[in-house]
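Structure file target_38.cif; described as mmCIF, C-alpha atoms.
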```
data_protein
#
loop_
_atom_site.label_atom_id
_atom_site.label_comp_id
_atom_site.auth_asym_id
_atom_site.auth_seq_id
_atom_site.Cartn_x
_atom_site.Cartn_y
_atom_site.Cartn_z
CA MET L 525 20.81 12.97 -31.85
CA LYS L 526 18.49 15.13 -33.86
CA LEU L 527 15.46 13.66 -32.13
CA VAL L 528 16.85 14.56 -28.74
CA ARG L 529 17.41 18.12 -29.82
CA LEU L 530 13.91 18.25 -31.23
CA ARG L 531 12.58 17.92 -27.72
CA TYR L 532 13.99 21.28 -26.77
CA THR L 533 12.77 23.34 -29.73
CA ARG L 534 9.96 25.75 -29.00
CA TRP L 535 7.56 24.45 -31.61
CA PHE L 536 7.91 20.90 -30.33
CA ASN L 537 7.08 22.05 -26.81
CA ILE L 538 4.07 24.00 -27.99
CA LEU L 539 2.72 21.03 -29.94
CA ARG L 540 3.33 18.61 -27.06
CA ASP L 541 1.69 20.94 -24.55
CA GLY L 542 -1.41 21.37 -26.68
CA ILE L 543 -1.89 17.71 -27.46
CA SER L 544 -0.93 16.04 -24.17
CA HIS L 545 0.70 17.97 -21.32
CA LYS L 546 -1.76 20.84 -21.37
CA ASN L 547 -4.55 19.11 -23.29
CA PRO L 548 -7.47 21.55 -23.27
CA ILE L 549 -10.01 18.93 -22.19
CA ALA L 550 -8.04 16.51 -20.04
CA VAL L 551 -5.80 18.94 -18.16
CA ALA L 552 -7.29 22.41 -18.49
CA VAL L 553 -10.87 21.01 -18.47
CA LEU L 554 -12.10 23.58 -21.00
CA GLY L 555 -14.63 23.01 -23.77
CA ILE L 556 -16.30 20.16 -21.89
CA CYS L 557 -19.79 21.19 -22.98
CA SER L 558 -19.24 20.56 -26.67
CA ALA L 559 -17.12 17.48 -25.89
CA LEU L 560 -20.17 15.94 -24.22
CA ALA L 561 -22.68 17.10 -26.81
CA VAL L 562 -21.17 16.11 -30.17
CA THR L 563 -19.31 12.91 -29.27
CA ASN L 564 -22.19 10.48 -29.84
CA ARG L 565 -20.94 9.97 -33.43
CA VAL L 566 -17.37 9.93 -34.74
CA GLU L 567 -18.25 11.95 -37.85
CA ASN L 568 -19.75 14.75 -35.76
CA ALA L 569 -16.65 14.69 -33.55
CA ILE L 570 -14.35 15.02 -36.56
CA ALA L 571 -16.34 17.87 -38.12
CA MET L 572 -16.55 19.73 -34.81
CA GLY L 573 -12.84 19.16 -34.14
CA LEU L 574 -11.86 20.55 -37.54
CA GLY L 575 -14.11 23.56 -37.10
CA VAL L 576 -12.68 24.37 -33.65
CA THR L 577 -9.10 23.86 -34.90
CA PHE L 578 -9.63 26.25 -37.80
CA VAL L 579 -11.25 28.91 -35.61
CA LEU L 580 -8.51 28.51 -32.98
CA MET L 581 -5.71 28.95 -35.50
CA ALA L 582 -7.34 31.86 -37.29
CA SER L 583 -8.38 33.74 -34.16
CA SER L 584 -5.02 33.16 -32.43
CA ALA L 585 -3.16 34.47 -35.47
CA THR L 586 -5.44 37.53 -35.69
CA VAL L 587 -5.23 38.32 -31.98
CA SER L 588 -1.47 37.96 -32.16
CA LEU L 589 -1.21 40.26 -35.18
CA LEU L 590 -3.33 42.90 -33.45
CA ARG L 591 -1.76 42.42 -30.02
CA SER L 592 0.07 45.77 -29.97
CA PHE L 593 -3.07 47.67 -31.05
CA ILE L 594 -5.66 46.09 -28.77
CA PRO L 595 -6.36 48.41 -25.81
CA SER L 596 -5.95 46.26 -22.70
CA LYS L 597 -9.36 47.24 -21.33
CA LEU L 598 -11.02 45.96 -24.51
CA ARG L 599 -9.16 42.65 -24.75
CA MET L 600 -12.09 40.35 -24.05
CA VAL L 601 -14.51 42.23 -26.28
CA THR L 602 -12.02 42.19 -29.11
CA TYR L 603 -11.46 38.44 -28.77
CA MET L 604 -15.19 37.85 -28.85
CA VAL L 605 -15.63 39.97 -31.99
CA ILE L 606 -12.75 38.24 -33.79
CA ILE L 607 -13.90 34.74 -32.79
CA SER L 608 -17.52 35.39 -33.76
CA THR L 609 -16.43 36.77 -37.12
CA TYR L 610 -14.56 33.57 -37.93
CA VAL L 611 -17.31 31.29 -36.63
CA ILE L 612 -20.03 33.03 -38.62
CA THR L 613 -17.81 32.94 -41.70
CA VAL L 614 -17.33 29.18 -41.25
CA GLN L 615 -21.07 28.75 -40.77
CA MET L 616 -21.92 30.61 -43.99
CA PHE L 617 -19.24 28.72 -45.89
CA LEU L 618 -20.59 25.35 -44.73
CA ALA L 619 -24.18 26.33 -45.56
CA ALA L 620 -23.12 27.37 -49.07
CA TYR L 621 -20.84 24.49 -49.99
CA PHE L 622 -21.66 21.59 -47.63
CA PRO L 623 -25.39 21.87 -46.84
CA VAL L 624 -25.56 18.29 -45.55
CA ILE L 625 -22.76 18.69 -42.99
CA SER L 626 -24.09 22.10 -42.04
CA ARG L 627 -27.48 20.54 -41.31
CA ALA L 628 -26.00 17.65 -39.28
CA LEU L 629 -23.97 19.97 -37.05
CA GLY L 630 -26.89 22.33 -36.57
CA ALA L 631 -26.39 24.70 -33.67
CA TYR L 632 -23.01 23.32 -32.65
CA VAL L 633 -21.01 25.34 -35.20
CA GLY L 634 -22.41 28.53 -33.73
CA LEU L 635 -21.51 27.26 -30.27
CA ILE L 636 -17.79 27.33 -31.17
CA ILE L 637 -18.05 31.03 -30.25
CA THR L 638 -18.65 30.07 -26.64
CA ASN L 639 -15.97 27.37 -26.58
CA CYS L 640 -13.66 28.44 -23.74
CA ILE L 641 -10.59 26.96 -25.43
CA VAL L 642 -10.62 29.60 -28.17
CA MET L 643 -10.88 32.49 -25.73
CA GLY L 644 -8.46 30.80 -23.31
CA ARG L 645 -5.70 30.42 -25.89
CA ALA L 646 -6.17 34.00 -27.07
CA GLU L 647 -5.74 35.35 -23.55
CA ALA L 648 -3.09 32.88 -22.34
CA PHE L 649 -0.90 32.70 -25.41
CA ALA L 650 -1.74 34.69 -28.54
CA VAL L 651 -1.83 38.08 -26.87
CA ARG L 652 1.86 37.88 -25.91
CA ASN L 653 3.43 35.81 -28.68
CA ASN L 654 4.14 36.31 -32.35
CA PRO L 655 1.66 35.12 -35.03
CA ARG L 656 3.73 32.12 -36.08
CA TYR L 657 3.84 30.52 -32.64
CA SER L 658 0.28 31.61 -31.86
CA MET L 659 -0.98 29.78 -34.92
CA LEU L 660 1.02 26.70 -33.92
CA ASP L 661 -0.40 26.92 -30.43
CA GLY L 662 -3.90 27.13 -31.89
CA LEU L 663 -3.21 24.08 -34.05
CA ALA L 664 -1.82 22.14 -31.08
CA SER L 665 -4.78 22.91 -28.82
CA GLY L 666 -7.18 22.19 -31.65
CA LEU L 667 -5.58 18.82 -32.31
CA GLY L 668 -5.61 17.99 -28.60
CA TYR L 669 -9.33 18.78 -28.52
CA THR L 670 -10.05 16.85 -31.73
CA LEU L 671 -8.11 13.82 -30.45
CA VAL L 672 -10.18 13.59 -27.26
CA LEU L 673 -13.41 14.10 -29.22
CA ILE L 674 -12.59 11.33 -31.69
CA VAL L 675 -11.55 8.81 -29.02
CA VAL L 676 -14.60 9.54 -26.86
CA GLY L 677 -16.83 9.55 -29.95
CA ALA L 678 -15.44 6.20 -31.11
CA VAL L 679 -16.09 4.51 -27.76
CA ARG L 680 -19.59 5.96 -27.50
CA GLU L 681 -20.61 5.17 -31.08
CA LEU L 682 -19.25 1.63 -30.78
CA LEU L 683 -21.17 0.90 -27.59
CA ALA L 684 -24.32 2.89 -28.38
CA VAL L 685 -25.01 1.74 -31.96
CA GLY L 686 -22.28 -0.83 -32.67
CA THR L 687 -20.84 1.13 -35.61
CA LEU L 688 -17.74 3.20 -36.37
CA LEU L 689 -18.12 6.05 -38.89
CA ASN L 690 -21.48 4.44 -39.75
CA ALA L 691 -19.86 1.10 -40.71
CA GLN L 692 -21.13 -1.91 -38.76
CA VAL L 693 -18.39 -3.23 -36.43
CA MET L 694 -20.11 -5.15 -33.67
CA PRO L 695 -21.88 -8.43 -34.47
CA ASP L 696 -25.64 -8.28 -34.82
CA SER L 697 -26.08 -10.12 -31.53
CA PHE L 698 -24.41 -7.22 -29.67
CA THR L 699 -26.76 -5.49 -27.24
CA THR L 700 -26.40 -1.73 -27.69
CA TRP L 701 -25.86 0.43 -24.61
CA THR L 702 -28.45 3.16 -24.92
CA VAL L 703 -26.90 5.05 -22.01
CA MET L 704 -23.83 5.75 -24.15
CA ALA L 705 -25.88 7.77 -26.64
CA LEU L 706 -27.24 9.92 -23.82
CA ALA L 707 -25.47 12.61 -21.80
CA PRO L 708 -24.46 10.31 -18.88
CA GLY L 709 -22.49 8.11 -21.28
CA GLY L 710 -20.53 11.19 -22.34
CA PHE L 711 -19.73 12.01 -18.72
CA PHE L 712 -18.52 8.45 -18.01
CA ILE L 713 -16.23 8.25 -21.02
CA VAL L 714 -14.86 11.80 -20.75
CA GLY L 715 -14.20 11.22 -17.04
CA LEU L 716 -12.37 7.95 -17.65
CA PHE L 717 -10.40 9.56 -20.45
CA ILE L 718 -9.33 12.51 -18.29
CA TRP L 719 -8.19 10.07 -15.59
CA GLY L 720 -6.25 8.01 -18.14
CA ILE L 721 -4.43 10.91 -19.76
CA ARG L 722 -3.58 12.47 -16.40
CA GLU L 723 -2.03 9.19 -15.21
CA LEU L 724 -0.10 8.96 -18.47
CA ILE L 725 1.52 12.40 -18.15
CA HIS L 726 1.81 12.22 -14.33
CA TYR L 727 -0.32 15.29 -13.83
CA HIS L 728 -1.72 15.57 -10.33
CA GLU L 729 -3.48 18.60 -8.95
CA ALA L 730 -2.26 19.73 -5.54
CA ALA L 731 -4.82 18.86 -2.90
CA MET J 1213 -8.77 61.33 -22.46
CA LYS J 1214 -6.26 60.21 -25.03
CA SER J 1215 -6.75 56.55 -24.12
CA TYR J 1216 -10.50 56.90 -24.58
CA THR J 1217 -10.10 58.33 -28.07
CA ARG J 1218 -7.77 55.45 -28.88
CA MET J 1219 -10.30 52.89 -27.60
CA LEU J 1220 -13.10 54.50 -29.57
CA THR J 1221 -11.04 54.55 -32.76
CA PHE J 1222 -10.15 50.90 -32.23
CA ILE J 1223 -13.79 49.90 -31.74
CA ILE J 1224 -14.89 51.79 -34.85
CA ILE J 1225 -12.14 50.28 -37.00
CA LEU J 1226 -12.79 46.76 -35.66
CA GLY J 1227 -16.54 47.12 -36.21
CA ALA J 1228 -16.09 48.47 -39.73
CA ALA J 1229 -13.64 45.71 -40.68
CA THR J 1230 -15.83 42.87 -39.41
CA SER J 1231 -18.96 44.37 -40.99
CA LEU J 1232 -17.12 44.55 -44.28
CA ILE J 1233 -16.20 40.86 -44.01
CA PHE J 1234 -19.83 39.93 -43.29
CA VAL J 1235 -21.19 41.98 -46.17
CA GLY J 1236 -18.67 40.34 -48.49
CA MET J 1237 -19.54 36.84 -47.26
CA GLU J 1238 -23.24 37.59 -47.59
CA PHE J 1239 -22.84 38.65 -51.22
CA TRP J 1240 -20.75 35.60 -51.96
CA THR J 1241 -22.81 32.90 -50.22
CA THR J 1242 -26.42 34.11 -50.55
CA PRO J 1243 -26.95 32.90 -54.16
CA LEU J 1244 -25.40 29.52 -53.26
CA ILE J 1245 -27.48 29.12 -50.11
CA GLU J 1246 -30.65 30.04 -52.02
CA ALA J 1247 -29.78 27.53 -54.74
CA ASN J 1248 -29.30 24.84 -52.07
CA ALA J 1249 -32.68 25.69 -50.57
CA ALA J 1250 -34.36 25.49 -54.00
CA ILE J 1251 -32.78 22.09 -54.66
CA GLU J 1252 -33.93 20.86 -51.26
CA LEU J 1253 -37.50 22.00 -51.93
CA ARG J 1254 -37.55 20.39 -55.36
CA SER J 1255 -36.06 17.11 -54.19
CA THR J 1256 -38.55 16.96 -51.31
CA ILE J 1257 -41.46 17.37 -53.73
CA LEU J 1258 -40.02 14.73 -56.08
CA ASP J 1259 -39.55 12.34 -53.11
CA ALA J 1260 -43.16 12.90 -52.12
CA ASN J 1261 -44.36 11.85 -55.56
CA GLY J 1262 -42.01 8.88 -55.78
CA GLU J 1263 -40.03 10.26 -58.72
CA ALA J 1264 -36.42 9.14 -59.14
CA TYR J 1265 -33.67 11.75 -59.60
CA THR J 1266 -30.02 12.46 -58.82
CA THR J 1267 -28.47 15.68 -57.51
CA ALA J 1268 -27.41 16.50 -61.07
CA THR J 1269 -30.83 15.97 -62.65
CA VAL J 1270 -33.09 17.28 -59.90
CA ASN J 1271 -33.98 20.52 -61.74
CA GLU J 1272 -34.59 18.76 -65.06
CA VAL J 1273 -36.82 16.05 -63.57
CA PHE J 1274 -38.68 18.66 -61.54
CA MET J 1275 -39.48 20.73 -64.64
CA ALA J 1276 -40.67 17.64 -66.53
CA LYS J 1277 -42.82 16.06 -63.79
CA ILE J 1278 -44.13 18.97 -61.73
CA GLU J 1279 -46.25 21.91 -62.78
CA THR J 1280 -45.78 25.08 -60.74
CA VAL J 1281 -48.88 27.27 -60.39
CA VAL J 1282 -48.61 30.71 -58.84
CA GLN J 1283 -51.43 32.96 -57.63
CA ASN J 1284 -50.76 36.09 -55.55
CA ASP J 1285 -48.40 34.88 -52.77
CA LEU J 1286 -49.41 31.23 -53.07
CA THR J 1287 -47.45 28.64 -55.01
CA LEU J 1288 -48.73 25.14 -55.73
CA TYR J 1289 -46.68 22.27 -57.11
CA VAL J 1290 -48.89 19.83 -59.01
CA HIS J 1291 -47.61 16.39 -59.97
CA ARG J 1292 -48.66 15.98 -63.60
CA ALA J 1293 -49.07 12.19 -63.51
CA SER J 1294 -51.02 11.68 -60.24
CA GLY J 1295 -52.56 15.12 -59.67
CA SER J 1296 -51.26 15.29 -56.11
CA VAL J 1297 -50.61 18.79 -54.85
CA SER J 1298 -47.69 20.12 -52.75
CA TYR J 1299 -47.23 23.47 -51.06
CA GLU J 1300 -44.91 25.05 -48.56
CA PHE J 1301 -46.30 25.78 -45.09
CA SER J 1302 -44.78 28.06 -42.50
CA GLY J 1303 -45.64 29.54 -39.14
CA SER J 1304 -44.23 30.14 -35.70
CA GLY J 1305 -43.16 27.25 -33.53
CA VAL J 1306 -42.02 27.69 -29.95
CA TRP J 1307 -38.56 29.24 -30.56
CA GLY J 1308 -38.67 30.12 -34.23
CA PRO J 1309 -40.38 29.50 -37.55
CA ILE J 1310 -41.31 25.99 -38.70
CA ILE J 1311 -41.18 25.64 -42.49
CA GLY J 1312 -41.91 22.51 -44.47
CA ILE J 1313 -43.56 20.89 -47.47
CA ILE J 1314 -46.85 19.01 -47.40
CA THR J 1315 -48.16 16.92 -50.28
CA LEU J 1316 -51.86 16.04 -50.53
CA GLU J 1317 -53.47 13.31 -52.61
CA ARG J 1318 -55.64 14.20 -55.58
CA ASP J 1319 -58.70 14.41 -53.28
CA LEU J 1320 -57.01 17.43 -51.60
CA GLU J 1321 -57.85 15.95 -48.19
CA THR J 1322 -55.47 13.07 -47.50
CA ILE J 1323 -51.83 13.68 -46.57
CA ARG J 1324 -49.50 11.87 -48.92
CA HIS J 1325 -46.17 13.15 -47.67
CA LEU J 1326 -44.85 15.64 -45.11
CA ARG J 1327 -41.37 17.08 -44.44
CA VAL J 1328 -40.08 19.83 -42.18
CA LEU J 1329 -37.23 21.72 -43.82
CA GLN J 1330 -36.49 24.30 -41.16
CA GLN J 1331 -37.22 24.52 -37.41
CA GLU J 1332 -35.61 25.79 -34.23
CA GLU J 1333 -37.49 23.72 -31.64
CA THR J 1334 -35.81 22.33 -28.51
CA PRO J 1335 -33.36 19.66 -29.66
CA GLY J 1336 -34.47 16.21 -28.51
CA LEU J 1337 -38.00 17.33 -27.54
CA GLY J 1338 -39.77 19.63 -30.01
CA GLY J 1339 -36.97 18.96 -32.48
CA VAL J 1340 -38.63 15.59 -33.12
CA VAL J 1341 -41.03 17.55 -35.34
CA ALA J 1342 -38.41 17.36 -38.14
CA ASP J 1343 -37.86 13.63 -37.65
CA PRO J 1344 -39.04 11.76 -40.78
CA SER J 1345 -40.07 8.74 -38.70
CA TYR J 1346 -42.37 10.96 -36.61
CA LEU J 1347 -43.81 12.67 -39.68
CA ALA J 1348 -44.45 9.28 -41.31
CA GLY J 1349 -47.30 8.94 -38.79
CA TYR J 1350 -49.08 11.78 -40.61
CA PHE J 1351 -49.14 9.98 -43.96
CA GLY J 1352 -52.71 8.95 -44.77
CA ALA J 1353 -54.27 11.24 -42.16
CA ARG J 1354 -57.05 13.54 -43.37
CA MET J 1355 -57.03 17.34 -43.20
CA VAL J 1356 -60.86 17.47 -42.84
CA PRO J 1357 -62.70 18.51 -40.77
CA GLN J 1358 -59.28 19.48 -39.37
CA LEU J 1359 -56.10 17.76 -38.31
CA ASP J 1360 -56.11 16.88 -34.60
CA PHE J 1361 -54.36 14.72 -32.03
CA ALA J 1362 -55.46 11.24 -31.04
CA VAL J 1363 -57.08 11.02 -27.59
CA PRO J 1364 -55.60 8.20 -25.50
CA GLY J 1365 -58.10 5.44 -24.74
CA THR J 1366 -60.38 6.16 -27.69
CA ASP J 1367 -60.33 4.89 -31.23
CA ARG J 1368 -58.24 6.93 -33.61
CA LEU J 1369 -60.24 8.91 -36.15
CA PRO J 1370 -58.99 9.41 -39.74
CA ASN J 1371 -58.03 13.02 -38.98
CA GLN J 1372 -55.99 12.20 -35.86
CA VAL J 1373 -52.22 11.86 -35.45
CA ASP J 1374 -49.81 11.42 -32.51
CA ARG J 1375 -48.48 14.28 -30.41
CA ILE J 1376 -44.79 14.63 -29.62
CA THR J 1377 -44.12 13.38 -26.09
CA GLY J 1378 -42.75 16.15 -23.87
CA ALA J 1379 -43.37 18.87 -26.44
CA THR J 1380 -46.94 20.04 -25.99
CA ARG J 1381 -46.35 23.57 -27.24
CA THR J 1382 -44.46 22.44 -30.34
CA SER J 1383 -47.18 19.86 -31.10
CA ASN J 1384 -49.93 22.46 -30.76
CA SER J 1385 -48.10 25.02 -32.90
CA PHE J 1386 -47.42 22.43 -35.58
CA ARG J 1387 -51.09 21.43 -35.71
CA THR J 1388 -52.13 25.09 -35.94
CA ILE J 1389 -49.60 25.79 -38.71
CA LEU J 1390 -50.79 22.81 -40.78
CA ASN J 1391 -54.48 23.64 -40.34
CA ASN J 1392 -54.06 27.36 -41.06
CA SER J 1393 -51.93 26.84 -44.14
CA TYR J 1394 -54.42 24.25 -45.42
CA LEU J 1395 -57.26 26.76 -45.08
CA SER J 1396 -55.33 29.50 -46.84
CA TYR J 1397 -54.49 27.18 -49.75
CA LEU J 1398 -57.82 25.34 -49.97
CA GLU J 1399 -59.65 27.67 -52.37
CA PHE J 1400 -56.66 27.93 -54.70
CA MET J 1401 -56.19 24.13 -54.68
CA GLN J 1402 -59.84 23.53 -55.58
CA GLU J 1403 -59.55 26.00 -58.46
CA VAL J 1404 -56.42 24.28 -59.77
CA GLY J 1405 -57.89 20.83 -59.16
CA ASP J 1406 -60.86 21.58 -61.39
#
```

Could you write out this file's structure as structure tokens?
Amino acid sequence: MKLVRLRYTRWFNILRDGISHKNPIAVAVLGICSALAVTNRVENAIAMGLGVTFVLMASSATVSLLRSFIPSKLRMVTYMVIISTYVITVQMFLAAYFPVISRALGAYVGLIITNCIVMGRAEAFAVRNNPRYSMLDGLASGLGYTLVLIVVGAVRELLAVGTLLNAQVMPDSFTTWTVMALAPGGFFIVGLFIWGIRELIHYHEAA
Amino acid sequence: MKSYTRMLTFIIILGAATSLIFVGMEFWTTPLIEANAAIELRSTILDANGEAYTTATVNEVFMAKIETVVQNDLTLYVHRASGSVSYEFSGSGVWGPIIGIITLERDLETIRHLRVLQQEETPGLGGVVADPSYLAGYFGARMVPQLDFAVPGTDRLPNQVDRITGATRTSNSFRTILNNSYLSYLEFMQEVGD
């Protein structure tokens, strides 16, 4: 019985929306640029996913806390300032404590600033909900994004180099698909994935 | 009018708060980032001379094996055992500075080792300049009369290396940086070498 009731609680709906029903990549088609760029390796996908999730949660919570002070004309500017502050903080933190990861991610950490998901959630959710739910919404969208990145990254890494998280999986005789390491491979896999998840949740855009 | 004052106050408070966060982060992380950079420089020089070390012992081994000589703005790192000389080179690439470490053999003419530590070239094209497998092609090349690129269809001379395909401007800048830094260090190296 409890499980049935769970389905109607607000936090369950927010989590489900973020991860599947309103998945930022598959349904809203936001943040595609980074999804194509960093998914050639699973470890990059995980690091990028965690970074985006943290920035999403932190910026959603901040926007939500400030929502009654932000002048409506300055909404966008304020979001940008808040998001950039968190991203630059993350970047400095990584450079100080994890120089190797920071080097591997290179410019992509800075590019979280331009990730539409962060701005989209701030405008669509955080600005009219309380901090608790806004943070949950950020977590849900972040997880939805991370999930897609990891699945796409796993397929691409497996086919392009025959490894998973740098551990050899495919037999040595396996011919690697170079196209999967390049941008077109990203488009193929992300496209197939969007189709799959949309079929799964019966989401069809009106013609 | 009132709404404008409110907006202005909001902008000023937001700007002040974020600046404060950045100043705090800067104070907190700068020493750590500088320490990381120093470790990277030292481990690169130890790699170049084939010395073994771990992240915990890098400073110790560096002090024991390498002699640091400073003159004006120039710093040379001399390997005590082999006499090979390392220095840091820097200069402008296409989009930003290219900084790296070059190690020359005892003759001060032959490249023993080369690493790029920092660059902002186009990823995938000029970015290849930081790729160790590309830089490995420089090992053994000679800096005299000056480093240059191999001409297709002719025999490769001892001072010639490969260009980066699709990155003419990065290749040219990199060659210029290496040649200029060599000239500015040459006199000092000869002094130390004697």

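The part of chain J that reaches within 6 Å of chain L is made up of Thr1241, Leu1244 and Ile1245 of chain J, counting only C-alpha atoms.
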
### Query
What does the distance between atom CA of J:Thr1256 and atom CA of J:Ile1313 come to in Å, to one decimal place?
7.4 Å

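Residues selected in this file by the PyMOL selection byres ((chain J and resi 1366-1379) around 9) comprise Thr1322, Thr1334, Leu1337, Gly1338, Gly1339, Val1340, Val1341, Tyr1346, Gly1349, Tyr1350, Gly1352, Ala1353, Arg1354, Met1355, Val1356, Pro1357, Gln1358, Leu1359, Asp1360, Phe1361, Ala1362, Val1363, Pro1364, Gly1365, Thr1380, Arg1381, Thr1382, Ser1383 and Asn1384 of chain J.
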
All residues 7 Å or closer to stretch 695-701 of chain L, all atoms listed in the file, same chain fewer than 5 positions away omitted, as an mmCIF file with C-alpha atoms, in the frame of the given file:
```cif
data_model
loop_
_atom_site.group_PDB
_atom_site.id
_atom_site.type_symbol
_atom_site.label_atom_id
_atom_site.label_comp_id
_atom_site.auth_asym_id
_atom_site.auth_seq_id
_atom_site.Cartn_x
_atom_site.Cartn_y
_atom_site.Cartn_z
ATOM 1 C CA LEU L 683 -21.170 0.900 -27.590
ATOM 2 C CA ALA L 684 -24.320 2.890 -28.380
ATOM 3 C CA VAL L 685 -25.010 1.740 -31.960
ATOM 4 C CA GLY L 686 -22.280 -0.830 -32.670
#
```

### Residue neighbourhood stretch 657-663 of chain L, 7 Å, all atoms listed in the file, exclusion window fewer than 4 positions, as a ChimeraX atom specification
/L:538-539,542,577,580-581,584-585,588,649-650,653,667

How would you write as a PDB file with C-alpha atoms, keeping the file's coordinate frame the residues that get within 10 Å of (-48.4, 26.2, -46.5) in the file's frame, counting only C-alpha atoms?
```
ATOM      1  CA  LEU J1286     -49.410  31.230 -53.070  1.00  0.00           C
ATOM      2  CA  THR J1287     -47.450  28.640 -55.010  1.00  0.00           C
ATOM      3  CA  LEU J1288     -48.730  25.140 -55.730  1.00  0.00           C
ATOM      4  CA  SER J1298     -47.690  20.120 -52.750  1.00  0.00           C
ATOM      5  CA  TYR J1299     -47.230  23.470 -51.060  1.00  0.00           C
ATOM      6  CA  GLU J1300     -44.910  25.050 -48.560  1.00  0.00           C
ATOM      7  CA  PHE J1301     -46.300  25.780 -45.090  1.00  0.00           C
ATOM      8  CA  SER J1302     -44.780  28.060 -42.500  1.00  0.00           C
ATOM      9  CA  GLY J1303     -45.640  29.540 -39.140  1.00  0.00           C
ATOM     10  CA  ILE J1311     -41.180  25.640 -42.490  1.00  0.00           C
ATOM     11  CA  GLY J1312     -41.910  22.510 -44.470  1.00  0.00           C
ATOM     12  CA  ILE J1313     -43.560  20.890 -47.470  1.00  0.00           C
ATOM     13  CA  ILE J1314     -46.850  19.010 -47.400  1.00  0.00           C
ATOM     14  CA  ILE J1389     -49.600  25.790 -38.710  1.00  0.00           C
ATOM     15  CA  LEU J1390     -50.790  22.810 -40.780  1.00  0.00           C
ATOM     16  CA  ASN J1391     -54.480  23.640 -40.340  1.00  0.00           C
ATOM     17  CA  ASN J1392     -54.060  27.360 -41.060  1.00  0.00           C
ATOM     18  CA  SER J1393     -51.930  26.840 -44.140  1.00  0.00           C
ATOM     19  CA  TYR J1394     -54.420  24.250 -45.420  1.00  0.00           C
ATOM     20  CA  LEU J1395     -57.260  26.760 -45.080  1.00  0.00           C
ATOM     21  CA  SER J1396     -55.330  29.500 -46.840  1.00  0.00           C
ATOM     22  CA  TYR J1397     -54.490  27.180 -49.750  1.00  0.00           C
TER      23      TYR J1397
END
```

### Task
Using atom CA of J:Gln1402 and atom CA of J:Ala1250 as the two end points, give the distance in Å to one decimal.
25.6 Å

### Message
Counting only C-alpha atoms, which residue out of L:Thr687, L:Val633, L:Ile641, L:Gly715 sits closest to L:Val562?
### Response
L:Val633

### Non-local contacts of L:Ser544 (12 Å; all atoms listed in the file; under 3 positions in same chain excluded) as a count of residues only
30

### Message
Taking 5 positions as the minimum chain separation for residues in the same chain, which residues sit within 9 Å of J:Glu1279 when counting all atoms listed in the file? Answer as a ChimeraX atom specification.
### Response
/J:1274,1288-1292

### Task
Find the residue from J:Ala1229, J:Leu1347, J:Ala1342, J:Val1235 that sits nearest to J:Arg1324; use all atoms listed in the file when measuring.
J:Leu1347

### Summary
Pairwise distance, atom CA of L:Asn564 with atom CA of L:Ile713, equals 10.9 Å
